[in-house]
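Have a look at input31.txt below; it lists compact mmCIF, C-alpha atoms and all ligand atoms.
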```txt
# COMPACT_ATOMS: atom_id res chain seq x y z
CA MET A 977 -17.14 -2.71 -36.48
CA SER A 978 -18.15 -2.34 -32.83
CA GLN A 979 -16.57 0.52 -30.94
CA LYS A 980 -13.88 -0.39 -28.44
CA ILE A 981 -14.67 0.21 -24.76
CA ASN A 982 -11.84 1.48 -22.60
CA GLY A 983 -11.28 1.19 -18.85
CA VAL A 984 -12.31 4.06 -16.56
CA LYS A 985 -9.90 7.00 -16.48
CA GLY A 986 -7.55 6.88 -13.50
CA MET A 987 -8.24 3.18 -12.85
CA ASN A 988 -5.52 0.84 -14.01
CA ASP A 989 -5.37 -2.77 -15.15
CA LEU A 990 -2.60 -4.87 -13.69
CA LEU A 991 -1.50 -7.62 -16.04
CA PRO A 992 0.74 -10.64 -15.55
CA GLY A 993 4.32 -9.42 -15.80
CA GLU A 994 3.45 -6.38 -13.72
CA ILE A 995 1.40 -8.01 -10.98
CA GLU A 996 4.39 -9.87 -9.51
CA VAL A 997 5.84 -6.75 -7.93
CA TRP A 998 2.43 -6.07 -6.35
CA GLN A 999 2.31 -9.62 -5.02
CA PHE A 1000 5.79 -9.16 -3.58
CA VAL A 1001 4.69 -6.01 -1.73
CA GLU A 1002 1.51 -7.70 -0.51
CA SER A 1003 3.20 -10.87 0.69
CA THR A 1004 5.94 -8.87 2.41
CA ALA A 1005 3.23 -6.87 4.19
CA ARG A 1006 1.42 -10.03 5.30
CA THR A 1007 4.63 -11.49 6.70
CA LEU A 1008 5.59 -8.33 8.52
CA PHE A 1009 2.23 -7.37 9.94
CA GLY A 1010 1.90 -10.99 11.08
CA ARG A 1011 5.19 -10.72 12.97
CA PHE A 1012 3.87 -7.70 14.85
CA GLY A 1013 0.59 -9.49 15.69
CA TYR A 1014 -1.63 -7.58 13.27
CA GLY A 1015 -4.54 -9.67 11.89
CA GLU A 1016 -6.08 -8.98 8.48
CA VAL A 1017 -9.51 -7.37 8.21
CA ARG A 1018 -11.53 -7.11 4.99
CA THR A 1019 -14.43 -4.70 4.82
CA PRO A 1020 -16.71 -3.99 1.82
CA VAL A 1021 -15.57 -1.39 -0.74
CA VAL A 1022 -18.90 0.42 -0.30
CA GLU A 1023 -20.06 2.09 2.92
CA ASP A 1024 -22.81 4.41 4.11
CA THR A 1025 -21.73 7.92 2.98
CA ALA A 1026 -22.35 9.24 6.51
CA LEU A 1027 -19.44 7.13 7.79
CA PHE A 1028 -16.90 9.22 5.88
CA VAL A 1029 -18.70 12.51 6.44
CA ARG A 1030 -18.58 11.96 10.20
CA SER A 1031 -15.04 10.62 10.46
CA VAL A 1032 -12.91 12.02 7.64
CA GLY A 1033 -14.86 15.29 7.78
CA GLU A 1034 -17.15 17.20 5.45
CA GLU A 1035 -14.66 20.01 4.89
CA THR A 1036 -11.83 17.78 3.68
CA ASP A 1037 -11.00 17.46 -0.01
CA ILE A 1038 -11.67 13.74 0.22
CA VAL A 1039 -15.26 14.05 1.36
CA GLY A 1040 -16.01 17.46 -0.11
CA LYS A 1041 -14.73 16.83 -3.62
CA GLU A 1042 -13.37 13.37 -4.25
CA MET A 1043 -15.84 10.73 -3.16
CA TYR A 1044 -17.66 8.44 -5.56
CA THR A 1045 -21.10 8.79 -4.02
CA PHE A 1046 -24.28 7.29 -5.45
CA GLU A 1047 -27.78 6.31 -4.46
CA ASP A 1048 -28.60 2.61 -4.48
CA LYS A 1049 -31.96 1.25 -5.63
CA GLY A 1050 -33.26 1.57 -2.07
CA GLY A 1051 -32.49 5.30 -2.02
CA ARG A 1052 -29.52 5.01 0.40
CA SER A 1053 -26.51 7.26 -0.11
CA LEU A 1054 -23.46 5.02 -0.47
CA SER A 1055 -19.84 5.80 -1.26
CA LEU A 1056 -16.91 3.85 -2.59
CA ARG A 1057 -14.44 3.92 0.29
CA PRO A 1058 -11.86 6.68 -0.13
CA GLU A 1059 -9.76 5.32 2.76
CA GLY A 1060 -9.61 2.37 5.12
CA THR A 1061 -9.52 3.72 8.66
CA ALA A 1062 -13.20 4.65 8.96
CA PRO A 1063 -14.49 1.32 7.56
CA ALA A 1064 -12.23 -0.62 9.94
CA ALA A 1065 -13.46 1.50 12.87
CA ARG A 1066 -17.05 0.90 11.78
CA ALA A 1067 -16.45 -2.86 11.74
CA TYR A 1068 -14.69 -2.69 15.14
CA ILE A 1069 -17.71 -0.92 16.65
CA GLU A 1070 -20.30 -3.08 14.90
CA HIS A 1071 -18.72 -6.31 16.15
CA SER A 1072 -18.13 -4.94 19.69
CA VAL A 1073 -14.50 -6.01 19.44
CA ASN A 1074 -13.58 -3.93 22.49
CA ASN A 1075 -15.66 -6.31 24.65
CA GLN A 1076 -13.61 -9.25 23.48
CA GLU A 1077 -10.08 -7.92 23.89
CA PRO A 1078 -8.57 -4.74 25.32
CA VAL A 1079 -6.09 -4.19 22.50
CA SER A 1080 -6.66 -5.19 18.87
CA ARG A 1081 -4.25 -4.84 15.99
CA TRP A 1082 -5.60 -5.03 12.46
CA PHE A 1083 -4.24 -4.53 8.99
CA TYR A 1084 -5.99 -4.28 5.65
CA MET A 1085 -5.09 -3.97 2.00
CA GLY A 1086 -7.26 -3.20 -0.97
CA PRO A 1087 -8.56 -0.64 -3.42
CA MET A 1088 -9.61 2.89 -2.43
CA PHE A 1089 -11.38 5.41 -4.64
CA ARG A 1090 -10.94 9.16 -4.93
CA TYR A 1091 -11.95 11.39 -7.81
CA GLU A 1092 -8.59 13.17 -7.96
CA ARG A 1093 -6.67 15.01 -10.62
CA MET A 1094 -4.43 12.33 -12.03
CA LYS A 1095 -0.69 12.30 -12.39
CA THR A 1096 2.16 9.90 -11.70
CA GLY A 1097 1.44 8.18 -8.41
CA ARG A 1098 -2.07 9.64 -8.14
CA TYR A 1099 -5.00 7.63 -9.45
CA ARG A 1100 -8.74 7.36 -8.97
CA GLN A 1101 -8.60 3.74 -7.94
CA PHE A 1102 -5.47 3.04 -5.91
CA SER A 1103 -4.44 0.48 -3.36
CA GLN A 1104 -3.56 0.99 0.24
CA ILE A 1105 -2.02 -1.20 2.89
CA GLY A 1106 -2.88 0.07 6.31
CA ALA A 1107 -2.79 -0.94 9.95
CA GLU A 1108 -4.74 0.16 13.00
CA ALA A 1109 -4.01 -0.46 16.68
CA TYR A 1110 -7.03 -0.05 18.97
CA GLY A 1111 -7.08 0.25 22.73
CA ALA A 1112 -3.64 1.67 23.58
CA LYS A 1113 -3.19 5.41 24.05
CA GLU A 1114 0.46 5.17 25.03
CA PRO A 1115 3.25 6.59 22.85
CA ALA A 1116 4.81 3.10 22.76
CA GLN A 1117 1.92 2.08 20.50
CA ASP A 1118 2.58 4.96 18.09
CA ALA A 1119 6.27 4.01 18.04
CA GLU A 1120 5.51 0.33 17.47
CA LEU A 1121 3.28 1.21 14.55
CA MET A 1122 6.01 3.34 12.97
CA ASP A 1123 8.39 0.44 13.52
CA VAL A 1124 6.08 -1.80 11.44
CA VAL A 1125 6.35 0.67 8.57
CA VAL A 1126 10.11 1.04 8.96
CA GLN A 1127 10.62 -2.73 8.91
CA PHE A 1128 8.17 -3.13 6.03
CA LEU A 1129 10.06 -0.56 3.94
CA GLU A 1130 13.37 -2.22 4.88
CA ALA A 1131 12.05 -5.62 3.79
CA LEU A 1132 11.02 -4.09 0.46
CA GLY A 1133 14.51 -2.66 0.10
CA LEU A 1134 13.22 0.94 0.16
CA THR A 1135 15.55 2.77 2.48
CA ASP A 1136 15.56 6.28 1.03
CA VAL A 1137 12.45 7.31 2.93
CA THR A 1138 12.22 9.93 5.69
CA LEU A 1139 9.85 9.74 8.64
CA ASN A 1140 8.28 13.10 9.57
CA ILE A 1141 6.39 13.41 12.85
CA ASN A 1142 4.30 16.06 14.53
CA SER A 1143 1.69 16.45 17.24
CA LEU A 1144 -1.61 18.24 16.62
CA GLY A 1145 -2.57 18.33 20.29
CA ASP A 1146 -6.04 17.45 21.47
CA ASP A 1147 -9.40 19.11 22.18
CA ASN A 1148 -7.83 20.79 25.14
CA CYS A 1149 -5.00 22.64 23.42
CA ARG A 1150 -5.80 22.67 19.73
CA PRO A 1151 -8.49 25.41 19.79
CA ALA A 1152 -5.95 28.02 20.98
CA TYR A 1153 -3.55 27.05 18.20
CA HIS A 1154 -6.38 27.02 15.68
CA ALA A 1155 -7.47 30.51 16.65
CA LYS A 1156 -3.91 31.84 16.41
CA LEU A 1157 -3.40 30.18 13.04
CA VAL A 1158 -6.59 31.66 11.60
CA GLU A 1159 -5.64 35.10 12.91
CA TYR A 1160 -2.16 34.80 11.35
CA LEU A 1161 -3.39 33.43 8.01
CA ASN A 1162 -6.04 36.11 7.75
CA ALA A 1163 -3.34 38.71 8.15
CA HIS A 1164 -1.47 37.09 5.21
CA ARG A 1165 -4.52 36.28 3.14
CA GLU A 1166 -3.33 38.13 0.04
CA GLU A 1167 -0.12 36.09 -0.14
CA LEU A 1168 -2.00 32.77 -0.29
CA CYS A 1169 -3.06 30.93 -3.44
CA ALA A 1170 -6.74 30.97 -4.41
CA ASP A 1171 -7.27 27.44 -3.06
CA CYS A 1172 -5.76 28.36 0.28
CA GLN A 1173 -7.92 31.47 0.54
CA GLN A 1174 -10.88 29.10 0.40
CA ARG A 1175 -9.25 26.62 2.77
CA LEU A 1176 -8.82 29.46 5.22
CA GLU A 1177 -12.60 29.69 5.48
CA ARG A 1178 -13.34 25.99 5.60
CA ASN A 1179 -10.29 24.06 6.88
CA PRO A 1180 -7.40 26.37 7.80
CA LEU A 1181 -5.07 23.55 8.86
CA ARG A 1182 -4.94 22.43 5.24
CA VAL A 1183 -3.11 25.61 4.26
CA LEU A 1184 -0.10 24.11 6.03
CA ASP A 1185 0.30 21.28 3.57
CA CYS A 1186 -0.31 23.27 0.39
CA LYS A 1187 2.44 22.56 -2.15
CA ASN A 1188 2.51 26.16 -3.42
CA GLU A 1189 5.85 27.77 -2.52
CA LYS A 1190 4.34 31.07 -1.41
CA CYS A 1191 1.84 29.32 0.85
CA GLN A 1192 4.65 27.20 2.26
CA ALA A 1193 6.62 30.33 3.07
CA VAL A 1194 3.62 31.89 4.81
CA ALA A 1195 2.84 28.69 6.72
CA GLY A 1196 6.49 28.17 7.70
CA ALA A 1197 6.64 31.55 9.39
CA GLY A 1198 3.29 31.05 11.14
CA PRO A 1199 2.50 29.80 14.64
CA ASN A 1200 4.08 26.49 15.58
CA VAL A 1201 1.54 23.93 16.81
CA LEU A 1202 4.13 22.35 19.11
CA GLU A 1203 4.37 25.56 21.14
CA PHE A 1204 0.66 25.31 21.93
CA LEU A 1205 0.61 21.74 23.25
CA CYS A 1206 -0.85 21.25 26.72
CA GLU A 1207 1.26 19.36 29.24
CA PRO A 1208 -0.18 15.85 28.63
CA CYS A 1209 0.15 16.27 24.84
CA ARG A 1210 3.68 17.58 25.19
CA ALA A 1211 4.63 14.64 27.44
CA HIS A 1212 3.09 12.20 24.93
CA PHE A 1213 5.07 13.69 22.05
CA THR A 1214 8.32 13.80 24.04
CA ASP A 1215 7.91 10.19 25.10
CA LEU A 1216 7.15 9.16 21.53
CA GLN A 1217 10.46 10.64 20.41
CA ARG A 1218 12.27 8.85 23.22
CA LYS A 1219 10.66 5.55 22.18
CA LEU A 1220 11.66 6.10 18.55
CA GLY A 1221 15.19 6.59 19.86
CA VAL A 1222 14.96 3.29 21.76
CA LEU A 1223 13.96 1.59 18.51
CA GLY A 1224 16.74 3.30 16.57
CA ILE A 1225 14.22 4.91 14.22
CA ARG A 1226 15.38 8.15 12.61
CA TYR A 1227 12.82 10.91 12.22
CA VAL A 1228 12.37 14.62 11.58
CA VAL A 1229 10.00 16.80 13.62
CA ASN A 1230 7.95 18.82 11.13
CA HIS A 1231 5.55 21.23 12.80
CA ARG A 1232 3.81 21.93 9.49
CA LEU A 1233 2.71 18.32 9.05
CA VAL A 1234 -1.07 18.22 9.51
CA ARG A 1235 -2.40 15.60 7.05
CA GLY A 1236 -5.62 16.12 5.20
CA LEU A 1237 -8.14 14.35 7.40
CA ASP A 1238 -10.06 15.74 10.33
CA TYR A 1239 -9.91 12.85 12.73
CA TYR A 1240 -6.35 13.09 14.06
CA THR A 1241 -5.40 13.96 17.63
CA ARG A 1242 -1.83 14.20 18.95
CA THR A 1243 0.58 12.16 16.80
CA VAL A 1244 0.64 12.49 13.01
CA PHE A 1245 3.37 11.12 10.78
CA GLU A 1246 4.33 10.69 7.16
CA PHE A 1247 6.91 8.67 5.27
CA ILE A 1248 8.36 10.69 2.41
CA ALA A 1249 10.48 9.23 -0.38
CA SER A 1250 13.02 11.39 -2.10
CA HIS A 1251 13.01 9.52 -5.43
CA PRO A 1252 12.28 11.77 -8.43
CA ALA A 1253 10.05 9.06 -9.99
CA LEU A 1254 7.26 10.12 -7.63
CA GLY A 1255 7.42 13.82 -8.47
CA THR A 1256 5.21 15.71 -6.07
CA ALA A 1257 3.45 12.49 -5.04
CA SER A 1258 6.35 11.73 -2.73
CA THR A 1259 4.41 10.72 0.39
CA VAL A 1260 4.37 6.94 0.40
CA GLY A 1261 2.34 6.67 3.56
CA GLY A 1262 1.15 8.37 6.65
CA GLY A 1263 -1.09 8.15 9.64
CA GLY A 1264 -1.69 9.24 13.15
CA ARG A 1265 -3.62 8.90 16.35
CA TYR A 1266 -7.39 9.27 16.36
CA ASP A 1267 -8.50 8.86 19.95
CA LYS A 1268 -11.89 10.51 19.45
CA MET A 1269 -13.10 8.83 16.30
CA MET A 1270 -14.71 5.73 17.80
CA LYS A 1271 -16.87 7.78 20.11
CA GLY A 1272 -17.73 10.18 17.32
CA LEU A 1273 -19.03 7.23 15.32
CA GLY A 1274 -21.29 6.13 18.17
CA GLY A 1275 -18.85 3.54 19.46
CA PRO A 1276 -16.92 3.02 22.71
CA ASP A 1277 -14.29 5.44 23.97
CA VAL A 1278 -11.34 3.53 22.55
CA PRO A 1279 -8.08 5.25 21.55
CA ALA A 1280 -6.52 4.27 18.24
CA VAL A 1281 -3.56 4.92 16.01
CA GLY A 1282 -3.11 3.85 12.41
CA PHE A 1283 -1.46 4.45 9.08
CA ALA A 1284 -1.96 3.79 5.38
CA MET A 1285 0.61 3.37 2.64
CA GLY A 1286 -0.01 3.72 -1.07
CA LEU A 1287 0.87 0.50 -2.88
CA ASP A 1288 0.94 2.20 -6.26
CA ARG A 1289 3.75 4.46 -5.09
CA LEU A 1290 5.71 1.65 -3.43
CA VAL A 1291 5.45 -0.28 -6.69
CA LEU A 1292 6.67 2.72 -8.69
CA LEU A 1293 9.72 2.94 -6.42
CA LEU A 1294 10.43 -0.78 -6.65
CA LYS A 1295 10.19 -0.70 -10.43
CA GLU A 1296 12.74 2.09 -10.47
CA GLY A 1297 15.06 -0.24 -8.55
CA GLY A 1298 15.20 -2.43 -11.67
CA LYS A 1299 14.76 -5.74 -9.81
CA THR A 1300 12.69 -8.46 -11.52
CA PHE A 1301 9.88 -10.09 -9.63
CA THR A 1302 8.55 -12.56 -12.19
CA GLN A 1303 9.31 -16.13 -11.29
CA ARG A 1304 10.73 -17.87 -14.34
CA PRO A 1305 9.66 -21.42 -15.25
CA ASP A 1306 11.86 -24.25 -14.01
CA LEU A 1307 11.30 -26.20 -17.18
CA PHE A 1308 9.98 -25.88 -20.73
CA ILE A 1309 8.77 -29.12 -22.29
CA ALA A 1310 9.01 -29.24 -26.07
CA VAL A 1311 7.72 -32.14 -28.17
CA ALA A 1312 9.66 -33.46 -31.15
CA ASP A 1313 6.64 -34.90 -32.99
CA GLU A 1314 2.82 -34.87 -33.02
CA GLY A 1315 2.74 -38.31 -31.41
CA SER A 1316 4.46 -37.03 -28.25
CA GLN A 1317 1.99 -34.17 -27.66
CA ASP A 1318 -0.25 -36.11 -25.24
CA GLN A 1319 2.72 -37.40 -23.24
CA GLY A 1320 4.15 -33.89 -23.12
CA LEU A 1321 0.88 -32.55 -21.76
CA ALA A 1322 0.72 -35.36 -19.17
CA LEU A 1323 4.39 -34.92 -18.15
CA ALA A 1324 3.85 -31.17 -17.64
CA SER A 1325 0.79 -31.89 -15.49
CA ARG A 1326 2.65 -34.46 -13.36
CA LEU A 1327 5.67 -32.17 -12.82
CA ARG A 1328 3.42 -29.27 -11.80
CA ARG A 1329 1.77 -31.58 -9.26
CA GLU A 1330 5.27 -32.35 -8.02
CA GLY A 1331 5.84 -28.63 -7.51
CA LEU A 1332 7.77 -27.46 -10.60
CA LYS A 1333 6.81 -24.37 -12.61
CA VAL A 1334 6.49 -25.82 -16.09
CA ASP A 1335 5.78 -24.19 -19.44
CA PHE A 1336 4.35 -26.25 -22.29
CA ASP A 1337 3.06 -24.96 -25.61
CA THR A 1338 -0.44 -26.32 -26.02
CA ARG A 1339 -0.38 -25.32 -29.70
CA GLY A 1340 2.42 -27.76 -30.57
CA GLY A 1341 4.10 -26.65 -33.82
CA SER A 1342 7.62 -27.27 -35.10
CA LEU A 1343 10.42 -28.07 -32.67
CA LYS A 1344 12.26 -24.96 -33.87
CA SER A 1345 9.36 -22.68 -33.02
CA GLN A 1346 8.93 -24.39 -29.63
CA MET A 1347 12.62 -23.85 -28.86
CA LYS A 1348 12.20 -20.17 -29.67
CA ARG A 1349 9.33 -20.00 -27.21
CA ALA A 1350 11.42 -21.87 -24.63
CA ASP A 1351 14.08 -19.17 -24.99
CA LYS A 1352 11.52 -16.42 -24.59
CA SER A 1353 9.93 -18.06 -21.54
CA GLY A 1354 13.15 -17.63 -19.55
CA ALA A 1355 12.92 -21.26 -18.36
CA ARG A 1356 15.98 -22.68 -16.63
CA PHE A 1357 15.87 -25.96 -18.58
CA THR A 1358 14.24 -27.37 -21.68
CA LEU A 1359 13.37 -31.03 -22.09
CA VAL A 1360 12.64 -32.34 -25.59
CA LEU A 1361 10.21 -35.25 -25.61
CA GLY A 1362 10.14 -37.46 -28.74
CA GLU A 1363 9.58 -41.06 -29.60
CA GLN A 1364 13.07 -42.06 -28.48
CA GLU A 1365 12.63 -40.50 -25.02
CA ARG A 1366 9.22 -42.09 -24.62
CA GLN A 1367 10.59 -45.53 -25.53
CA SER A 1368 13.71 -45.33 -23.36
CA GLY A 1369 12.23 -43.36 -20.45
CA GLN A 1370 15.39 -41.22 -20.60
CA ALA A 1371 15.71 -37.59 -21.69
CA LYS A 1372 18.05 -34.61 -21.37
CA LEU A 1373 17.68 -31.36 -19.48
CA LYS A 1374 19.18 -28.58 -21.58
CA PRO A 1375 20.34 -25.67 -19.39
CA MET A 1376 19.08 -22.57 -21.20
CA ALA A 1377 21.92 -20.45 -19.85
CA GLY A 1378 24.38 -22.78 -21.63
CA GLY A 1379 26.38 -25.79 -20.48
CA GLU A 1380 26.26 -29.54 -20.89
CA PRO A 1381 22.84 -31.29 -21.13
CA ILE A 1382 22.01 -33.32 -18.03
CA PRO A 1383 20.73 -36.88 -18.54
CA VAL A 1384 17.52 -37.54 -16.64
CA ALA A 1385 15.04 -40.39 -16.21
CA LEU A 1386 11.51 -39.23 -17.11
CA ASP A 1387 10.27 -40.32 -13.70
CA ALA A 1388 12.98 -38.32 -11.88
CA VAL A 1389 12.73 -34.94 -13.60
CA ALA A 1390 11.46 -32.94 -10.62
CA ALA A 1391 14.17 -34.23 -8.28
CA THR A 1392 16.91 -33.66 -10.87
CA VAL A 1393 15.80 -30.09 -11.62
CA ARG A 1394 15.64 -29.33 -7.90
CA ALA A 1395 19.12 -30.72 -7.38
CA GLN A 1396 20.62 -28.22 -9.83
CA PRO A 1397 22.09 -25.13 -8.16
CA GLU A 1398 19.88 -22.13 -8.83
CA ALA A 1399 20.60 -18.42 -9.12
CA PRO A 1400 19.39 -16.53 -5.99
CA ALA A 1401 15.62 -16.26 -5.82
CA PRO A 1402 14.33 -12.90 -7.15
CA VAL A 1403 12.04 -12.50 -4.12
CA PRO A 1404 14.08 -11.92 -0.96
CA ALA A 1405 12.85 -13.83 2.06
CA VAL A 1406 11.56 -11.57 4.81
P1 LIG B 1501 -4.01 9.36 2.79
O1 LIG B 1501 -5.12 8.38 3.09
O2 LIG B 1501 -4.45 10.50 1.92
O3 LIG B 1501 -3.24 9.76 3.98
O4 LIG B 1501 -3.00 8.56 1.87
C1 LIG B 1501 -2.13 7.58 2.36
C2 LIG B 1501 -1.26 7.13 1.23
O5 LIG B 1501 -2.07 6.56 0.20
C3 LIG B 1501 -0.52 8.26 0.53
O6 LIG B 1501 0.68 8.52 1.17
C4 LIG B 1501 -0.29 7.70 -0.85
O7 LIG B 1501 0.84 6.85 -0.85
C5 LIG B 1501 -1.54 6.88 -1.07
N1 LIG B 1501 -2.52 7.62 -1.88
C6 LIG B 1501 -3.43 8.54 -1.46
N2 LIG B 1501 -4.16 8.98 -2.49
C7 LIG B 1501 -3.70 8.36 -3.58
C8 LIG B 1501 -4.06 8.38 -4.97
N3 LIG B 1501 -5.06 9.14 -5.43
N4 LIG B 1501 -3.36 7.59 -5.83
C9 LIG B 1501 -2.36 6.81 -5.39
N5 LIG B 1501 -1.98 6.73 -4.10
C10 LIG B 1501 -2.65 7.49 -3.20
```

If you took the structure in this file and wrote it as structure tokens, what would it be?
Ligand code: AMP
Amino acid sequence: MSQKINGVKGMNDLLPGEIEVWQFVESTARTLFGRFGYGEVRTPVVEDTALFVRSVGEETDIVGKEMYTFEDKGGRSLSLRPEGTAPAARAYIEHSVNNQEPVSRWFYMGPMFRYERMKTGRYRQFSQIGAEAYGAKEPAQDAELMDVVVQFLEALGLTDVTLNINSLGDDNCRPAYHAKLVEYLNAHREELCADCQQRLERNPLRVLDCKNEKCQAVAGAGPNVLEFLCEPCRAHFTDLQRKLGVLGIRYVVNHRLVRGLDYYTRTVFEFIASHPALGTASTVGGGGRYDKMMKGLGGPDVPAVGFAMGLDRLVLLLKEGGKTFTQRPDLFIAVADEGSQDQGLALASRLRREGLKVDFDTRGGSLKSQMKRADKSGARFTLVLGEQERQSGQAKLKPMAGGEPIPVALDAVAATVRAQPEAPAPVPAV
């Protein structure tokens, strides 16, 4: 017997029955981003490795340890994208979008790849929905972007999520904070975990978001980035908070929030869910301002702010909510005899064209076994088609939840099914 081949570790299949919740999240995102004027962008899953090295940063875990990098047959170093901001920025620069419009708002969704240690909510192929706003440096843009996320989470019915915000300053004020932080961490080196002792050499800011309790205690007592902000950065952060107030968005200022990528300036933010299903993978999304990235990638001097949310984690939370997302069939057509099989097939086809979701067992079989399958399908009604129905053109719709059968003409099935009051749709309209 041939040996079975399994999927790649950390990369999941999504099968019918499970995919519906994903589709719900995706369609909700499309509706909401559309409302805010964000257009969808799709970039390739593979990019020049240098793109991530120069934007995300060589010293980050993502680039340093987690990228799927390979050489193509032409000897180029390519990487599966570990995130979506840099590819979108690359596309923005390549297509000179800044020459066409002063402000652009984009969103994307799709798979990202990171060679990470797996656990619940952390995979090697995962999906992100993200949005980027280019061309506006004002705090109103940061606030608007957070509002998209807030409204998106509301539309999904996920309300138990806390927004954390912080400011990392800019090239003007960050070096002084950085120097103070390194000095402080060096003085507490022995109290840090082994990973953080290394981070201290390569990327000291990362010590601040280590999950280790001892490191958190050290970081918590360390210098506060907000006290180092220069006047323009302080004004930006203050105004952002005022704007969030105007929008009625609740938030927590968390001076230890740094996020793991190098490209942020000023605003950073994270949305953290408190549900135990996510364990330590409780950050459902995050983002920030990256005013210097475009220039650093050889593009125009265009400010930008963006975020990314992890779909896998949103889906985990929604599944915990116990709602069903599968759309059940309107009708199951069963045939009473062999001779009605063709008409059953044709009737199913016609009703689908007329817009009904119809289930029909192409294998035929006994009426009893078909009725069992009708039950299992969750269909609202079953229609049995036999010689008598074919001759008379009349049949009955049997409500599967119980109740009296409804007489129906075979050429009026769709209208009759539609006329029956239905339980509320499982997918809330947004
Ligand atoms: P990041 O790009 O690291 O800021 O991640 C943004 C969001 O993507 C996180 O808040 C998670 O929800 C999600 N995410 C990041 N890495 C993973 C992963 N390995 N598996 C699943 N979701 C992830």

Set the distance at 9 Å and use all atoms listed in the file: which residues neighbour Leu1161 (chain A) once local chain neighbours fewer than 5 positions away are removed? I'd like the list as a list in words. Lys1156, Leu1168, Gln1173, Leu1176, Pro1180, Val1183, Val1194, Ala1195 and Gly1198 of chain A

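For the atom pair formed by atom O1 of ligand LIG 1501 (chain B) and CA of Ile1038 (chain A), the distance is 8.9 Å, given to one decimal.
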
Closest atom pairs, residues of chain A within 10 Å of ligand LIG 1501 (chain B), all atoms listed in the file, as CSV:
```
residue,atom,partner,partner_atom,distance
A:Gly986,CA,B:LIG1501,N3,8.7
A:Met987,CA,B:LIG1501,N4,9.6
A:Val1032,CA,B:LIG1501,O1,9.7
A:Asp1037,CA,B:LIG1501,O2,9.8
A:Ile1038,CA,B:LIG1501,O2,8.1
A:Glu1042,CA,B:LIG1501,N3,9.4
A:Pro1058,CA,B:LIG1501,O1,7.7
A:Glu1059,CA,B:LIG1501,O1,5.6
A:Gly1060,CA,B:LIG1501,O1,7.8
A:Thr1061,CA,B:LIG1501,O1,8.5
A:Pro1087,CA,B:LIG1501,C9,9.9
A:Met1088,CA,B:LIG1501,C7,8.1
A:Phe1089,CA,B:LIG1501,N3,7.4
A:Arg1090,CA,B:LIG1501,N3,5.9
A:Tyr1091,CA,B:LIG1501,N3,7.6
A:Glu1092,CA,B:LIG1501,N3,5.9
A:Arg1093,CA,B:LIG1501,N3,8.0
A:Met1094,CA,B:LIG1501,N3,7.4
A:Lys1095,CA,B:LIG1501,N4,8.5
A:Thr1096,CA,B:LIG1501,C9,8.4
A:Gly1097,CA,B:LIG1501,C9,5.0
A:Arg1098,CA,B:LIG1501,N4,3.3
A:Tyr1099,CA,B:LIG1501,N4,4.0
A:Arg1100,CA,B:LIG1501,N3,5.4
A:Gln1101,CA,B:LIG1501,N4,6.8
A:Phe1102,CA,B:LIG1501,C9,4.9
A:Ser1103,CA,B:LIG1501,N5,6.8
A:Gln1104,CA,B:LIG1501,O5,5.8
A:Ile1105,CA,B:LIG1501,O5,8.2
A:Gly1106,CA,B:LIG1501,C1,8.5
A:Arg1235,CA,B:LIG1501,O3,6.7
A:Gly1236,CA,B:LIG1501,O2,6.6
A:Leu1237,CA,B:LIG1501,O3,7.5
A:Phe1245,CA,B:LIG1501,O3,9.6
A:Glu1246,CA,B:LIG1501,O6,7.3
A:Phe1247,CA,B:LIG1501,O6,7.5
A:Ile1248,CA,B:LIG1501,O6,8.1
A:Ala1249,CA,B:LIG1501,O7,9.9
A:Leu1254,CA,B:LIG1501,O7,9.9
A:Ala1257,CA,B:LIG1501,C4,7.4
A:Ser1258,CA,B:LIG1501,O6,7.6
A:Thr1259,CA,B:LIG1501,O6,4.4
A:Val1260,CA,B:LIG1501,O7,3.7
A:Gly1261,CA,B:LIG1501,O6,3.4
A:Gly1262,CA,B:LIG1501,O3,5.3
A:Gly1263,CA,B:LIG1501,O3,6.3
A:Gly1264,CA,B:LIG1501,O3,9.3
A:Phe1283,CA,B:LIG1501,C1,7.4
A:Ala1284,CA,B:LIG1501,C1,4.8
A:Met1285,CA,B:LIG1501,C2,4.4
A:Gly1286,CA,B:LIG1501,O7,3.3
A:Leu1287,CA,B:LIG1501,O7,6.7
A:Asp1288,CA,B:LIG1501,C9,5.7
A:Arg1289,CA,B:LIG1501,O7,5.7
A:Leu1290,CA,B:LIG1501,O7,7.6
```

Figure out the distance between CA of Val1228 (chain A) and CA of Gly1015 (chain A), please, to one decimal in Å. 29.6 Å

Skip Gln1370 (chain A) itself and residues of its chain fewer than 5 positions away, then list as an MDAnalysis selection string all residues within 6 Å of it, counting only C-alpha atoms. chainID A and resid 1365 1384:1386

Residues near Gln999 (chain A), anyone? I mean within 12 Å using all atoms listed in the file, not counting same-chain ones fewer than 5 positions away, as a list in words.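 With the cut-off at 12 Å, the set is Leu990, Leu991, Pro992, Gly993, Glu994, Thr1004, Ala1005, Arg1006, Met1085, Leu1132, Leu1287, Asp1288, Leu1290, Val1291, Phe1301, Thr1302, Gln1303 and Val1403 of chain A.
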
Surrounding residues of Ala1390 (chain A) excluding itself and chain neighbours under 3 positions, 7 Å, all atoms listed in the file, as number ranges by chain: A: 1327, 1330, 1332, 1393-1394

For the selection you just gave me, I'd like the residues written to a file as a PDB file, in the coordinates of the input, keeping C-alpha atoms.
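Okay, this is what ended up in part.pdb:
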```pdb
ATOM      1  CA  LEU A1327       5.670 -32.170 -12.820  1.00  0.00           C
ATOM      2  CA  GLU A1330       5.270 -32.350  -8.020  1.00  0.00           C
ATOM      3  CA  LEU A1332       7.770 -27.460 -10.600  1.00  0.00           C
ATOM      4  CA  VAL A1393      15.800 -30.090 -11.620  1.00  0.00           C
ATOM      5  CA  ARG A1394      15.640 -29.330  -7.900  1.00  0.00           C
TER       6      ARG A1394
END
```
